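Colleague: My structure is stored as entry.cif, with mmCIF, C-alpha atoms and all ligand atoms.
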```
data_query
#
loop_
_atom_site.label_atom_id
_atom_site.label_comp_id
_atom_site.auth_asym_id
_atom_site.auth_seq_id
_atom_site.Cartn_x
_atom_site.Cartn_y
_atom_site.Cartn_z
CA MET H 14 -94.84 -80.17 -149.87
CA VAL H 15 -93.70 -83.78 -150.11
CA THR H 16 -90.09 -84.33 -149.23
CA ARG H 17 -90.15 -88.10 -149.09
CA SER H 18 -89.91 -90.23 -152.20
CA VAL H 19 -90.69 -93.95 -152.31
CA ASP H 20 -90.43 -95.07 -155.90
CA LEU H 21 -92.11 -98.45 -156.28
CA ARG H 22 -92.87 -98.24 -160.00
CA SER H 23 -90.17 -100.77 -160.89
CA ASP H 24 -86.74 -102.03 -159.95
CA THR H 25 -85.50 -100.17 -163.03
CA VAL H 26 -85.80 -96.80 -161.24
CA THR H 27 -82.74 -97.13 -158.98
CA LYS H 28 -80.13 -94.40 -159.01
CA PRO H 29 -76.44 -95.30 -159.30
CA THR H 30 -74.82 -95.52 -155.86
CA GLU H 31 -71.78 -93.48 -154.84
CA SER H 32 -69.53 -96.51 -155.41
CA MET H 33 -71.01 -97.03 -158.89
CA ARG H 34 -70.43 -93.38 -159.76
CA ALA H 35 -66.84 -93.59 -158.50
CA ALA H 36 -66.23 -96.77 -160.52
CA MET H 37 -67.73 -95.13 -163.62
CA ALA H 38 -65.53 -92.06 -163.18
CA SER H 39 -62.35 -94.09 -163.03
CA ALA H 40 -63.26 -96.91 -165.44
CA GLU H 41 -60.64 -97.98 -167.93
CA VAL H 42 -62.21 -97.75 -171.37
CA ASP H 43 -61.52 -98.30 -175.04
CA ASP H 44 -63.54 -98.86 -178.20
CA ASP H 45 -65.82 -101.85 -177.61
CA VAL H 46 -67.03 -102.04 -181.20
CA LEU H 47 -63.41 -102.80 -182.04
CA GLY H 48 -63.43 -105.26 -179.12
CA TYR H 49 -60.89 -103.49 -176.90
CA ASP H 50 -62.81 -102.09 -173.94
CA PRO H 51 -61.11 -103.78 -170.94
CA THR H 52 -63.93 -103.15 -168.46
CA ALA H 53 -66.53 -104.58 -170.85
CA LEU H 54 -64.33 -107.64 -171.38
CA LEU H 55 -63.97 -108.02 -167.62
CA LEU H 56 -67.74 -107.84 -167.08
CA GLU H 57 -68.43 -110.29 -169.91
CA THR H 58 -65.83 -112.77 -168.62
CA LYS H 59 -67.25 -112.53 -165.13
CA MET H 60 -70.87 -112.94 -166.25
CA ALA H 61 -70.01 -115.94 -168.43
CA ARG H 62 -68.35 -117.58 -165.42
CA ILE H 63 -71.21 -116.79 -163.01
CA MET H 64 -73.78 -118.09 -165.48
CA GLY H 65 -71.75 -121.21 -166.29
CA LYS H 66 -71.59 -120.45 -170.03
CA GLU H 67 -68.67 -120.13 -172.47
CA ALA H 68 -69.14 -116.49 -173.36
CA ALA H 69 -71.13 -113.32 -172.69
CA LEU H 70 -71.96 -110.07 -174.45
CA PHE H 71 -73.04 -106.69 -173.05
CA VAL H 72 -76.14 -105.31 -174.79
CA PRO H 73 -77.92 -101.99 -174.20
CA SER H 74 -81.20 -103.48 -172.97
CA GLY H 75 -83.06 -106.65 -172.04
CA THR H 76 -85.29 -106.18 -175.06
CA MET H 77 -82.30 -106.16 -177.40
CA GLY H 78 -80.81 -109.15 -175.57
CA ASN H 79 -83.95 -111.22 -176.06
CA LEU H 80 -84.32 -110.12 -179.68
CA ILE H 81 -80.73 -111.02 -180.51
CA ALA H 82 -81.04 -114.41 -178.81
CA VAL H 83 -84.25 -115.29 -180.67
CA LEU H 84 -82.77 -114.14 -183.98
CA VAL H 85 -79.59 -116.17 -183.51
CA HIS H 86 -81.53 -119.33 -182.69
CA CYS H 87 -84.07 -118.71 -185.48
CA GLU H 88 -81.71 -117.61 -188.22
CA VAL H 89 -83.52 -119.72 -190.82
CA ARG H 90 -86.49 -117.88 -192.26
CA GLY H 91 -89.84 -119.46 -191.37
CA SER H 92 -88.82 -120.40 -187.83
CA GLU H 93 -91.25 -120.55 -184.93
CA VAL H 94 -90.67 -119.90 -181.25
CA ILE H 95 -92.79 -121.37 -178.44
CA LEU H 96 -93.33 -118.94 -175.57
CA GLY H 97 -95.76 -118.04 -172.80
CA ASP H 98 -98.68 -115.76 -173.62
CA THR H 99 -97.91 -113.36 -170.75
CA CYS H 100 -94.14 -113.31 -171.08
CA HIS H 101 -92.23 -110.08 -171.62
CA ILE H 102 -91.06 -110.99 -175.13
CA ASN H 103 -94.65 -111.61 -176.19
CA ILE H 104 -96.25 -108.56 -174.61
CA TYR H 105 -93.80 -105.73 -174.04
CA GLU H 106 -91.15 -105.95 -176.75
CA ASN H 107 -93.08 -104.45 -179.66
CA GLY H 108 -93.36 -107.81 -181.38
CA GLY H 109 -89.76 -107.33 -182.47
CA ILE H 110 -89.14 -111.02 -183.03
CA SER H 111 -91.74 -110.95 -185.81
CA THR H 112 -91.47 -107.38 -187.10
CA ILE H 113 -87.68 -107.35 -187.18
CA GLY H 114 -86.79 -111.02 -187.07
CA GLY H 115 -89.53 -112.59 -189.19
CA VAL H 116 -89.99 -115.19 -186.46
CA HIS H 117 -93.43 -116.66 -185.90
CA SER H 118 -94.53 -116.98 -182.27
CA ARG H 119 -96.59 -119.83 -180.85
CA GLN H 120 -98.08 -118.44 -177.67
CA LEU H 121 -99.02 -120.97 -175.00
CA LYS H 122 -100.87 -120.31 -171.78
CA ASN H 123 -98.68 -119.23 -168.89
CA ASN H 124 -99.86 -120.74 -165.61
CA ASP H 125 -100.22 -118.52 -162.54
CA ASP H 126 -96.74 -119.57 -161.43
CA GLY H 127 -95.11 -118.52 -164.71
CA THR H 128 -94.63 -122.05 -166.03
CA ILE H 129 -96.10 -123.45 -169.23
CA ASP H 130 -97.37 -127.04 -169.02
CA ILE H 131 -94.70 -129.31 -170.40
CA ASP H 132 -97.25 -131.47 -172.25
CA LEU H 133 -98.57 -128.32 -173.88
CA ILE H 134 -95.07 -127.35 -175.00
CA GLU H 135 -94.40 -130.78 -176.41
CA SER H 136 -97.69 -130.97 -178.26
CA ALA H 137 -97.12 -127.51 -179.78
CA ILE H 138 -93.88 -128.54 -181.46
CA ARG H 139 -94.56 -128.77 -185.17
CA ASP H 140 -94.28 -132.07 -186.94
CA PRO H 141 -91.40 -131.58 -189.43
CA ARG H 142 -93.33 -133.74 -191.93
CA GLY H 143 -95.81 -130.88 -192.23
CA GLU H 144 -93.21 -128.38 -193.38
CA LEU H 145 -95.13 -127.66 -196.55
CA MET H 146 -97.62 -125.82 -194.33
CA PHE H 147 -96.08 -125.33 -190.88
CA PRO H 148 -93.36 -123.03 -189.74
CA THR H 149 -90.48 -124.98 -188.22
CA THR H 150 -90.27 -124.91 -184.42
CA ARG H 151 -86.71 -124.00 -183.49
CA LEU H 152 -86.85 -122.42 -180.04
CA ILE H 153 -88.59 -122.42 -176.66
CA CYS H 154 -88.43 -119.33 -174.44
CA LEU H 155 -88.98 -119.22 -170.68
CA GLU H 156 -88.86 -116.25 -168.30
CA ASN H 157 -87.33 -116.46 -164.80
CA THR H 158 -88.49 -114.76 -162.67
CA HIS H 159 -91.79 -114.45 -164.50
CA ALA H 160 -92.67 -110.77 -164.16
CA ASN H 161 -96.33 -110.88 -165.16
CA SER H 162 -96.98 -113.65 -162.63
CA GLY H 163 -95.69 -111.40 -159.86
CA GLY H 164 -92.00 -112.32 -160.08
CA ARG H 165 -92.46 -116.03 -159.50
CA CYS H 166 -89.52 -118.38 -159.87
CA LEU H 167 -89.08 -121.30 -162.25
CA SER H 168 -87.33 -124.16 -160.47
CA VAL H 169 -84.21 -125.91 -161.69
CA GLU H 170 -86.25 -129.10 -162.03
CA TYR H 171 -88.90 -127.46 -164.25
CA THR H 172 -86.30 -125.72 -166.41
CA ASN H 173 -84.35 -128.94 -166.84
CA ARG H 174 -87.50 -130.79 -167.90
CA VAL H 175 -88.22 -128.14 -170.55
CA GLY H 176 -84.56 -128.43 -171.60
CA GLU H 177 -85.00 -132.19 -172.06
CA VAL H 178 -88.05 -131.64 -174.27
CA ALA H 179 -86.11 -129.10 -176.32
CA LYS H 180 -83.18 -131.47 -176.75
CA LYS H 181 -85.42 -134.41 -177.64
CA HIS H 182 -86.87 -132.40 -180.54
CA GLY H 183 -83.65 -130.68 -181.62
CA LEU H 184 -84.78 -127.25 -180.39
CA LYS H 185 -82.93 -124.52 -178.52
CA LEU H 186 -83.98 -123.09 -175.15
CA HIS H 187 -83.59 -119.40 -174.28
CA ILE H 188 -84.28 -117.99 -170.83
CA ASP H 189 -85.24 -114.36 -170.35
CA GLY H 190 -83.47 -114.04 -167.02
CA ALA H 191 -84.05 -110.31 -166.56
CA ARG H 192 -84.39 -111.07 -162.83
CA ILE H 193 -82.55 -114.40 -162.64
CA PHE H 194 -80.56 -113.24 -159.59
CA ASN H 195 -83.84 -112.69 -157.74
CA ALA H 196 -84.86 -116.24 -158.64
CA SER H 197 -81.50 -117.62 -157.56
CA VAL H 198 -81.70 -115.91 -154.15
CA ALA H 199 -85.34 -116.86 -153.58
CA LEU H 200 -84.79 -120.50 -154.53
CA GLY H 201 -81.41 -120.78 -152.82
CA VAL H 202 -79.66 -122.12 -155.93
CA THR H 203 -76.86 -120.62 -157.97
CA VAL H 204 -77.76 -118.88 -161.23
CA ASP H 205 -75.72 -121.29 -163.34
CA LYS H 206 -78.01 -124.16 -162.26
CA LEU H 207 -81.08 -122.15 -163.29
CA VAL H 208 -79.76 -121.73 -166.84
CA LYS H 209 -77.83 -124.99 -167.23
CA ALA H 210 -80.47 -126.48 -169.54
CA ALA H 211 -80.62 -123.33 -171.65
CA ASP H 212 -78.63 -122.59 -174.79
CA SER H 213 -78.77 -118.89 -174.01
CA ALA H 214 -79.98 -116.48 -171.36
CA SER H 215 -80.34 -112.73 -171.07
CA VAL H 216 -79.74 -111.09 -167.72
CA CYS H 217 -80.67 -107.50 -166.89
CA LEU H 218 -78.10 -105.47 -165.00
CA SER H 219 -80.52 -102.60 -164.51
CA LYS H 220 -83.32 -104.40 -162.65
CA GLY H 221 -82.99 -106.23 -159.32
CA ILE H 222 -79.25 -105.69 -159.05
CA GLY H 223 -79.55 -101.97 -159.61
CA ALA H 224 -76.98 -101.00 -162.28
CA PRO H 225 -78.05 -98.00 -164.35
CA ILE H 226 -77.94 -99.46 -167.87
CA GLY H 227 -77.60 -102.70 -169.77
CA SER H 228 -78.06 -106.43 -170.00
CA VAL H 229 -75.80 -109.34 -170.75
CA ILE H 230 -76.54 -112.35 -172.93
CA VAL H 231 -74.70 -115.61 -172.38
CA GLY H 232 -74.25 -118.81 -174.36
CA THR H 233 -71.66 -120.73 -176.36
CA LYS H 234 -68.78 -118.91 -178.08
CA ASN H 235 -70.47 -119.59 -181.42
CA PHE H 236 -73.79 -118.10 -180.16
CA ILE H 237 -72.02 -115.00 -178.85
CA SER H 238 -70.06 -114.40 -182.05
CA LYS H 239 -73.32 -114.45 -184.03
CA ALA H 240 -74.93 -112.27 -181.35
CA LYS H 241 -72.13 -109.72 -181.66
CA ARG H 242 -72.82 -109.31 -185.36
CA LEU H 243 -76.53 -108.89 -184.74
CA ARG H 244 -75.91 -106.39 -181.95
CA LYS H 245 -74.01 -104.23 -184.47
CA THR H 246 -76.77 -104.66 -187.06
CA LEU H 247 -79.37 -103.47 -184.56
CA GLY H 248 -77.30 -100.42 -183.63
CA GLY H 249 -76.34 -101.81 -180.24
CA GLY H 250 -72.59 -101.74 -180.80
CA MET H 251 -71.32 -98.93 -178.59
CA ARG H 252 -67.87 -97.51 -178.04
CA GLN H 253 -66.54 -96.77 -174.51
CA ILE H 254 -69.08 -98.93 -172.66
CA GLY H 255 -66.61 -99.60 -169.86
CA ILE H 256 -68.27 -96.66 -168.09
CA LEU H 257 -71.52 -98.65 -167.94
CA CYS H 258 -69.86 -102.00 -167.29
CA ALA H 259 -67.94 -100.55 -164.32
CA ALA H 260 -71.25 -99.73 -162.62
CA ALA H 261 -72.53 -103.23 -163.41
CA LEU H 262 -69.43 -104.79 -161.82
CA VAL H 263 -70.17 -102.84 -158.63
CA ALA H 264 -73.82 -103.97 -158.80
CA LEU H 265 -72.71 -107.61 -159.01
CA LYS H 266 -70.34 -107.17 -156.09
CA GLU H 267 -72.52 -105.10 -153.79
CA ASN H 268 -76.16 -105.63 -154.69
CA VAL H 269 -76.75 -109.33 -155.29
CA GLY H 270 -76.33 -109.78 -151.55
CA LYS H 271 -79.12 -107.26 -150.91
CA LEU H 272 -81.78 -109.20 -152.82
CA GLU H 273 -82.69 -111.40 -149.88
CA SER H 274 -83.49 -108.33 -147.84
CA ASP H 275 -85.48 -106.85 -150.79
CA HIS H 276 -87.57 -110.03 -150.84
CA LYS H 277 -88.17 -109.88 -147.07
CA LYS H 278 -89.33 -106.27 -147.36
CA THR H 279 -91.58 -107.24 -150.26
CA ARG H 280 -93.15 -109.94 -148.09
CA LEU H 281 -93.57 -107.47 -145.23
CA LEU H 282 -95.31 -105.00 -147.54
CA ALA H 283 -97.49 -107.69 -149.16
CA ASP H 284 -98.62 -109.11 -145.79
CA GLY H 285 -99.37 -105.62 -144.48
CA LEU H 286 -101.32 -104.63 -147.61
CA ASN H 287 -103.30 -107.85 -147.44
CA GLU H 288 -104.59 -106.85 -144.02
CA ILE H 289 -106.10 -103.66 -145.42
CA LYS H 290 -109.77 -104.19 -146.19
CA GLY H 291 -110.34 -103.42 -149.86
CA LEU H 292 -106.97 -104.65 -151.08
CA GLY H 293 -106.29 -108.18 -152.25
CA ILE H 294 -102.99 -109.93 -152.85
CA ASN H 295 -102.44 -113.58 -153.63
CA PRO H 296 -99.80 -114.40 -150.98
CA LEU H 297 -98.58 -117.37 -153.04
CA SER H 298 -97.57 -115.07 -155.85
CA VAL H 299 -95.14 -113.08 -153.72
CA GLU H 300 -91.86 -114.93 -154.10
CA THR H 301 -89.39 -112.19 -154.96
CA ASN H 302 -89.69 -108.38 -155.34
CA ILE H 303 -92.98 -107.81 -157.20
CA ILE H 304 -96.50 -107.42 -155.76
CA PHE H 305 -99.74 -107.15 -157.70
CA ILE H 306 -102.43 -105.45 -155.63
CA ASP H 307 -106.07 -105.94 -156.59
CA ILE H 308 -108.52 -103.27 -155.55
CA VAL H 309 -111.41 -105.51 -154.53
CA ASP H 310 -115.11 -104.70 -154.82
CA CYS H 311 -115.85 -103.99 -151.18
CA THR H 312 -114.05 -100.68 -151.31
CA ARG H 313 -115.72 -97.53 -152.60
CA THR H 314 -112.54 -95.91 -153.79
CA THR H 315 -111.01 -96.00 -157.26
CA ILE H 316 -107.54 -96.93 -158.32
CA GLU H 317 -106.96 -93.40 -159.67
CA LYS H 318 -107.83 -91.89 -156.29
CA ILE H 319 -105.47 -94.26 -154.50
CA CYS H 320 -102.63 -93.46 -156.91
CA LYS H 321 -103.24 -89.72 -156.55
CA TYR H 322 -103.31 -89.93 -152.75
CA LEU H 323 -100.06 -91.91 -152.71
CA GLU H 324 -98.37 -89.67 -155.26
CA GLU H 325 -99.17 -86.58 -153.20
CA ARG H 326 -97.22 -88.29 -150.41
CA GLY H 327 -94.26 -89.15 -152.63
CA ILE H 328 -95.18 -92.80 -153.24
CA LEU H 329 -95.08 -93.89 -156.86
CA VAL H 330 -96.72 -97.13 -157.99
CA MET H 331 -97.63 -98.58 -161.38
CA HIS H 332 -101.20 -98.82 -162.61
CA ASP H 333 -101.28 -102.30 -164.15
CA LYS H 334 -104.88 -103.21 -165.07
CA PRO H 335 -108.16 -101.31 -164.45
CA SER H 336 -108.31 -102.58 -160.87
CA ARG H 337 -104.76 -103.65 -160.25
CA LEU H 338 -101.60 -101.91 -159.06
CA ARG H 339 -98.06 -103.19 -159.32
CA VAL H 340 -95.28 -102.36 -156.90
CA VAL H 341 -91.69 -103.51 -157.21
CA LEU H 342 -89.07 -103.29 -154.50
CA HIS H 343 -85.34 -102.72 -154.91
CA HIS H 344 -82.28 -102.01 -152.82
CA GLN H 345 -83.14 -98.33 -152.44
CA ILE H 346 -86.38 -99.08 -150.56
CA SER H 347 -85.92 -99.28 -146.79
CA THR H 348 -88.02 -100.97 -144.11
CA SER H 349 -89.11 -97.50 -143.04
CA ASP H 350 -90.27 -96.82 -146.64
CA VAL H 351 -92.33 -100.01 -146.45
CA GLN H 352 -93.96 -98.92 -143.18
CA TYR H 353 -94.64 -95.44 -144.57
CA THR H 354 -96.18 -96.98 -147.72
CA LEU H 355 -98.40 -99.23 -145.62
CA SER H 356 -99.70 -96.37 -143.54
CA CYS H 357 -100.38 -94.24 -146.65
CA PHE H 358 -102.27 -97.11 -148.33
CA GLN H 359 -104.27 -97.58 -145.13
CA GLN H 360 -105.18 -93.87 -145.06
CA ALA H 361 -105.98 -93.78 -148.81
CA ILE H 362 -108.54 -96.56 -148.42
CA GLN H 363 -109.86 -95.34 -145.06
CA ILE H 364 -110.51 -91.77 -146.19
CA GLU H 365 -112.44 -92.84 -149.26
CA ASN H 366 -114.47 -95.40 -147.36
CA ASP H 367 -115.34 -92.83 -144.69
CA ASN H 368 -116.58 -90.33 -147.27
C1 LIG H 401 -88.91 -110.04 -167.69
C2 LIG H 401 -88.34 -108.93 -168.50
N1 LIG H 401 -87.64 -109.21 -169.60
C3 LIG H 401 -87.10 -108.26 -170.37
C4 LIG H 401 -87.24 -106.93 -170.05
C5 LIG H 401 -86.69 -105.88 -170.98
O1 LIG H 401 -85.67 -105.14 -170.42
P1 LIG H 401 -85.36 -103.65 -170.95
O2 LIG H 401 -86.35 -102.75 -170.31
O3 LIG H 401 -83.95 -103.43 -170.49
O4 LIG H 401 -85.46 -103.68 -172.43
C6 LIG H 401 -87.96 -106.58 -168.90
C7 LIG H 401 -88.15 -105.15 -168.54
O5 LIG H 401 -88.87 -104.77 -167.67
C8 LIG H 401 -88.53 -107.60 -168.11
O6 LIG H 401 -89.25 -107.32 -167.00
#
```
Can the structure from this file be put into structure tokens for me?
Modeller:
Amino acid sequence: MVTRSVDLRSDTVTKPTESMRAAMASAEVDDDVLGYDPTALLLETKMARIMGKEAALFVPSGTMGNLIAVLVHCEVRGSEVILGDTCHINIYENGGISTIGGVHSRQLKNNDDGTIDIDLIESAIRDPRGELMFPTTRLICLENTHANSGGRCLSVEYTNRVGEVAKKHGLKLHIDGARIFNASVALGVTVDKLVKAADSASVCLSKGIGAPIGSVIVGTKNFISKAKRLRKTLGGGMRQIGILCAAALVALKENVGKLESDHKKTRLLADGLNEIKGLGINPLSVETNIIFIDIVDCTRTTIEKICKYLEERGILVMHDKPSRLRVVLHHQISTSDVQYTLSCFQQAIQIENDN
């Protein structure tokens, strides 16, 4: 019988802490659709200030936050957005920007570090003189950290350069900052600098910083008032959300400071896994809390067998590609969990290779 649980499937799996539960139990609430929930207003004011933007809006999920942002920036029918081919909006959000928003996507190659070449972005912007045939480019989207690249960080310098290109061509820039706090901690810069060049950003409360539910989008007051209308249209207007926002306020206060330690533990795990024959990790890709583990040819085991072996010992990981696993660390993973995980991986590979 396994008594230990090490859940490395994602940083979305965290359980609310005692202090979050206490804050939720005593949260002051009111009807947020009517605009009166004091705890939601407090969270939104705080997030706008932290992100250096005029206003903020709580939304139920990162997916809805990104969808709303794209729809606000592309409100004219026939708009096109430039984004990376491996970004979350392009791959994991059900194509909502096209199916719901009628927005055409121009997918450009994401480099291994999560960037898109700036020349490529600039050359993909449609010539307005071709409007008889072309959709009109109105938006560029970036993702920081870039999850599918292993949680790599986009620098302030890179983001500002993309912002300059956007401005030069009269476009908007949106940043999917689901894990922007991880990027801020890893790069040693404040989050407001990372989104300064952007017209909007979405930030997940329920990923690295460990709140149970929700995201926040930030931008100008005008952007947020349009976003509020769209949130209602999409069914994301909710009533006494102060209960959720209270937990998010605790996450901001108590968990942002834990990210550095999460990143150190991620590095410890990645370095240890890389020493196991049969496993391969690109050490350059480990910048924050995500590790992609390739099962390399020299081993005789299969990814399914490894997952089963780990699961029987309480360790949960995500099967990413046919020969790739993904693990994500968060504040509820201890150094001892990392050591336990390493020894179980070692045994999983050893046993199969000995057979
Ligand atoms: C980079 C990124 N953006 C957006 C999202 C969407 O967030 P949600 O699951 O809250 O819809 C995720 C979720 O994993 C993500 O990793």
Colleague: Name the closest residue to Asp350 of chain H among the candidates H:Leu84, H:Val175, H:Leu281, H:Cys320; distances are taken between atoms, counting all atoms listed in the file.
Modeller: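 Of H:Leu84, H:Val175, H:Leu281, H:Cys320, the one nearest Asp350 of chain H, counting all atoms listed in the file, is H:Leu281.
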Colleague: Could you pull the residues within 9 Å of Ala210 of chain H, counting only C-alpha atoms, minus those fewer than 5 positions along the same chain, as a list in words?
Modeller: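 Counting only the stated atoms, we get Val169, Thr172, Asn173, Arg174, Val175, Gly176, Glu177 and Leu186 of chain H.
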Colleague: Please extract the residues at most 8 Å from ligand LIG 401 (chain H), counting only C-alpha atoms and all ligand atoms, and provide them as a PyMOL selection string, using the chain letters and residue numbers of this document.
Modeller: chain H and resi 23+25+73-79+100-102+105-106+156-161+189-192+217+219-220+226-228
Colleague: Kindly give the distance, in Å, that separates atom CA of Lys277 of chain H and atom CA of Arg339 of chain H, rounded to a single decimal.
Modeller: 17.1 Å
Colleague: Mind checking which residues fall within 12 Å of Val42 of chain H, counting only C-alpha atoms, ignoring those fewer than 4 positions away in the same chain, and posting them as a short mmCIF file (atom, residue, chain, number, x, y, z; two decimals) with C-alpha atoms, in the coordinates of the input?
Modeller:
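As written to disk, around_14.cif reads:
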```cif
data_model
loop_
_atom_site.label_atom_id
_atom_site.label_comp_id
_atom_site.auth_asym_id
_atom_site.auth_seq_id
_atom_site.Cartn_x
_atom_site.Cartn_y
_atom_site.Cartn_z
CA ALA H 36 -66.23 -96.77 -160.52
CA MET H 37 -67.73 -95.13 -163.62
CA ALA H 38 -65.53 -92.06 -163.18
CA VAL H 46 -67.03 -102.04 -181.20
CA LEU H 47 -63.41 -102.80 -182.04
CA GLY H 48 -63.43 -105.26 -179.12
CA TYR H 49 -60.89 -103.49 -176.90
CA ASP H 50 -62.81 -102.09 -173.94
CA PRO H 51 -61.11 -103.78 -170.94
CA THR H 52 -63.93 -103.15 -168.46
CA ALA H 53 -66.53 -104.58 -170.85
CA LEU H 54 -64.33 -107.64 -171.38
CA LEU H 55 -63.97 -108.02 -167.62
CA MET H 251 -71.32 -98.93 -178.59
CA ARG H 252 -67.87 -97.51 -178.04
CA GLN H 253 -66.54 -96.77 -174.51
CA ILE H 254 -69.08 -98.93 -172.66
CA GLY H 255 -66.61 -99.60 -169.86
CA ILE H 256 -68.27 -96.66 -168.09
CA LEU H 257 -71.52 -98.65 -167.94
CA CYS H 258 -69.86 -102.00 -167.29
CA ALA H 259 -67.94 -100.55 -164.32
#
```
Colleague: Give the answer as one residue: which of H:Ser168, H:Arg90, H:Thr150, H:Leu56 has the shortest atom-to-atom distance to Val204 of chain H, using all atoms listed in the file?
Modeller: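 Ranked by minimum distance to Val204 of chain H, first place goes to H:Ser168.
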Colleague: Calculate how many Å separate atom CA of Arg151 of chain H from atom CA of Lys241 of chain H, rounding to one decimal.
Modeller: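 Between atom CA of Arg151 of chain H and atom CA of Lys241 of chain H the gap is 20.5 Å.
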Colleague: Can you list every residue of segment 91-165 of chain H that has an atom at most 9 Å from segment 294-303 of chain H, with its nearest atom pair and the distance in Å to one decimal, using all atoms listed in the file, ordered by chain then number, as a tab-separated table?
Modeller:
```
residue	atom	partner	partner_atom	distance
H:Asp125	CA	H:Ser298	CA	8.0
H:Asp126	CA	H:Ser298	CA	7.2
H:Thr158	CA	H:Thr301	CA	8.2
H:Ala160	CA	H:Ile303	CA	7.6
H:Ser162	CA	H:Ser298	CA	7.0
H:Gly163	CA	H:Ile303	CA	5.2
H:Gly164	CA	H:Ile303	CA	5.4
H:Arg165	CA	H:Glu300	CA	5.5
```
Colleague: In Å, how far is it from atom CA of Gly249 of chain H to atom CA of Leu272 of chain H?
Modeller: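 Interatomic distance, atom CA of Gly249 of chain H to atom CA of Leu272 of chain H: 28.9 Å.
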Colleague: Check the smallest atom-to-atom distance from each of H:Glu41, H:Glu288, H:Asp98, H:Glu324 to Leu21 of chain H using all atoms listed in the file, then report the winner.
Modeller: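 Checking each of H:Glu41, H:Glu288, H:Asp98, H:Glu324 against Leu21 of chain H, counting all atoms listed in the file, the winner is H:Glu324.
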Colleague: Tell me which of H:Ala264, H:Val72, H:Glu57, H:Ile346 sits closest to Lys234 of chain H, counting all atoms listed in the file.
Modeller: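 Once distances to Lys234 of chain H are computed over all atoms listed in the file, the minimum belongs to H:Glu57.
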Colleague: Out of H:Leu218, H:Leu207, H:Ile110, H:Cys87, which residue has the shortest atom-to-atom distance to Met60 of chain H when counting all atoms listed in the file?
Modeller: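 Checking each of H:Leu218, H:Leu207, H:Ile110, H:Cys87 against Met60 of chain H, counting all atoms listed in the file, the winner is H:Leu218.
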Colleague: H:Ser197, H:Thr246, H:Gln352, H:Ser347: which is nearest Ala283 of chain H, counting all atoms listed in the file?
Modeller: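 Nearest candidate to Ala283 of chain H out of H:Ser197, H:Thr246, H:Gln352, H:Ser347: H:Gln352.
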Colleague: Can you pull out the residues contacting Leu329 of chain H? Cut-off 12 Å, using only C-alpha atoms, and skip same-chain residues under 4 positions away; I want them as a ChimeraX atom specification.
Modeller: /H:17-23,26,319-325,338-342,346,350,354,357-358
Colleague: Which neighbours of Val178 of chain H fall inside 12 Å, counting only C-alpha atoms, when residues of the same chain fewer than 2 positions from it are skipped, and could you give them as number ranges by chain?
Modeller: H: 130-138, 152-153, 171-176, 180-186, 210-211
Colleague: With 3 Å of padding per side, what axis-aligned box (centre and edge lengths, Å, one decimal) covers all the listed atoms of segment 238-243 of chain H? Give it as lines of an AutoDock Vina configuration file.
Modeller:
```
center_x = -73.3
center_y = -111.7
center_z = -183.4
size_x = 12.5
size_y = 11.6
size_z = 10.0
```
Colleague: Can you fill out segment 177-187 of chain H with N, CA and C atoms and hand it back as a CSV table (one decimal), in the coordinates of the input?
Modeller:
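Listed below is the output, rebuild35.csv:
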```csv
chain,number,residue,atom,x,y,z
H,177,GLU,N,-85.0,-130.8,-171.5
H,177,GLU,CA,-85.0,-132.2,-172.1
H,177,GLU,C,-85.9,-132.3,-173.3
H,178,VAL,N,-87.1,-131.6,-173.1
H,178,VAL,CA,-88.0,-131.6,-174.3
H,178,VAL,C,-87.4,-131.0,-175.5
H,179,ALA,N,-86.8,-129.8,-175.2
H,179,ALA,CA,-86.1,-129.1,-176.3
H,179,ALA,C,-85.1,-130.0,-177.0
H,180,LYS,N,-84.2,-130.6,-176.2
H,180,LYS,CA,-83.2,-131.5,-176.8
H,180,LYS,C,-83.8,-132.6,-177.6
H,181,LYS,N,-84.8,-133.3,-177.0
H,181,LYS,CA,-85.4,-134.4,-177.6
H,181,LYS,C,-85.9,-134.1,-179.1
H,182,HIS,N,-86.3,-132.8,-179.2
H,182,HIS,CA,-86.9,-132.4,-180.5
H,182,HIS,C,-85.9,-131.5,-181.3
H,183,GLY,N,-84.7,-131.4,-180.9
H,183,GLY,CA,-83.6,-130.7,-181.6
H,183,GLY,C,-83.9,-129.2,-181.6
H,184,LEU,N,-84.5,-128.7,-180.5
H,184,LEU,CA,-84.8,-127.2,-180.4
H,184,LEU,C,-83.8,-126.6,-179.4
H,185,LYS,N,-83.7,-125.3,-179.5
H,185,LYS,CA,-82.9,-124.5,-178.5
H,185,LYS,C,-83.8,-124.0,-177.4
H,186,LEU,N,-83.2,-123.7,-176.3
H,186,LEU,CA,-84.0,-123.1,-175.2
H,186,LEU,C,-83.3,-121.8,-174.8
H,187,HIS,N,-84.1,-120.7,-174.7
H,187,HIS,CA,-83.6,-119.4,-174.3
H,187,HIS,C,-84.3,-119.0,-173.0
```
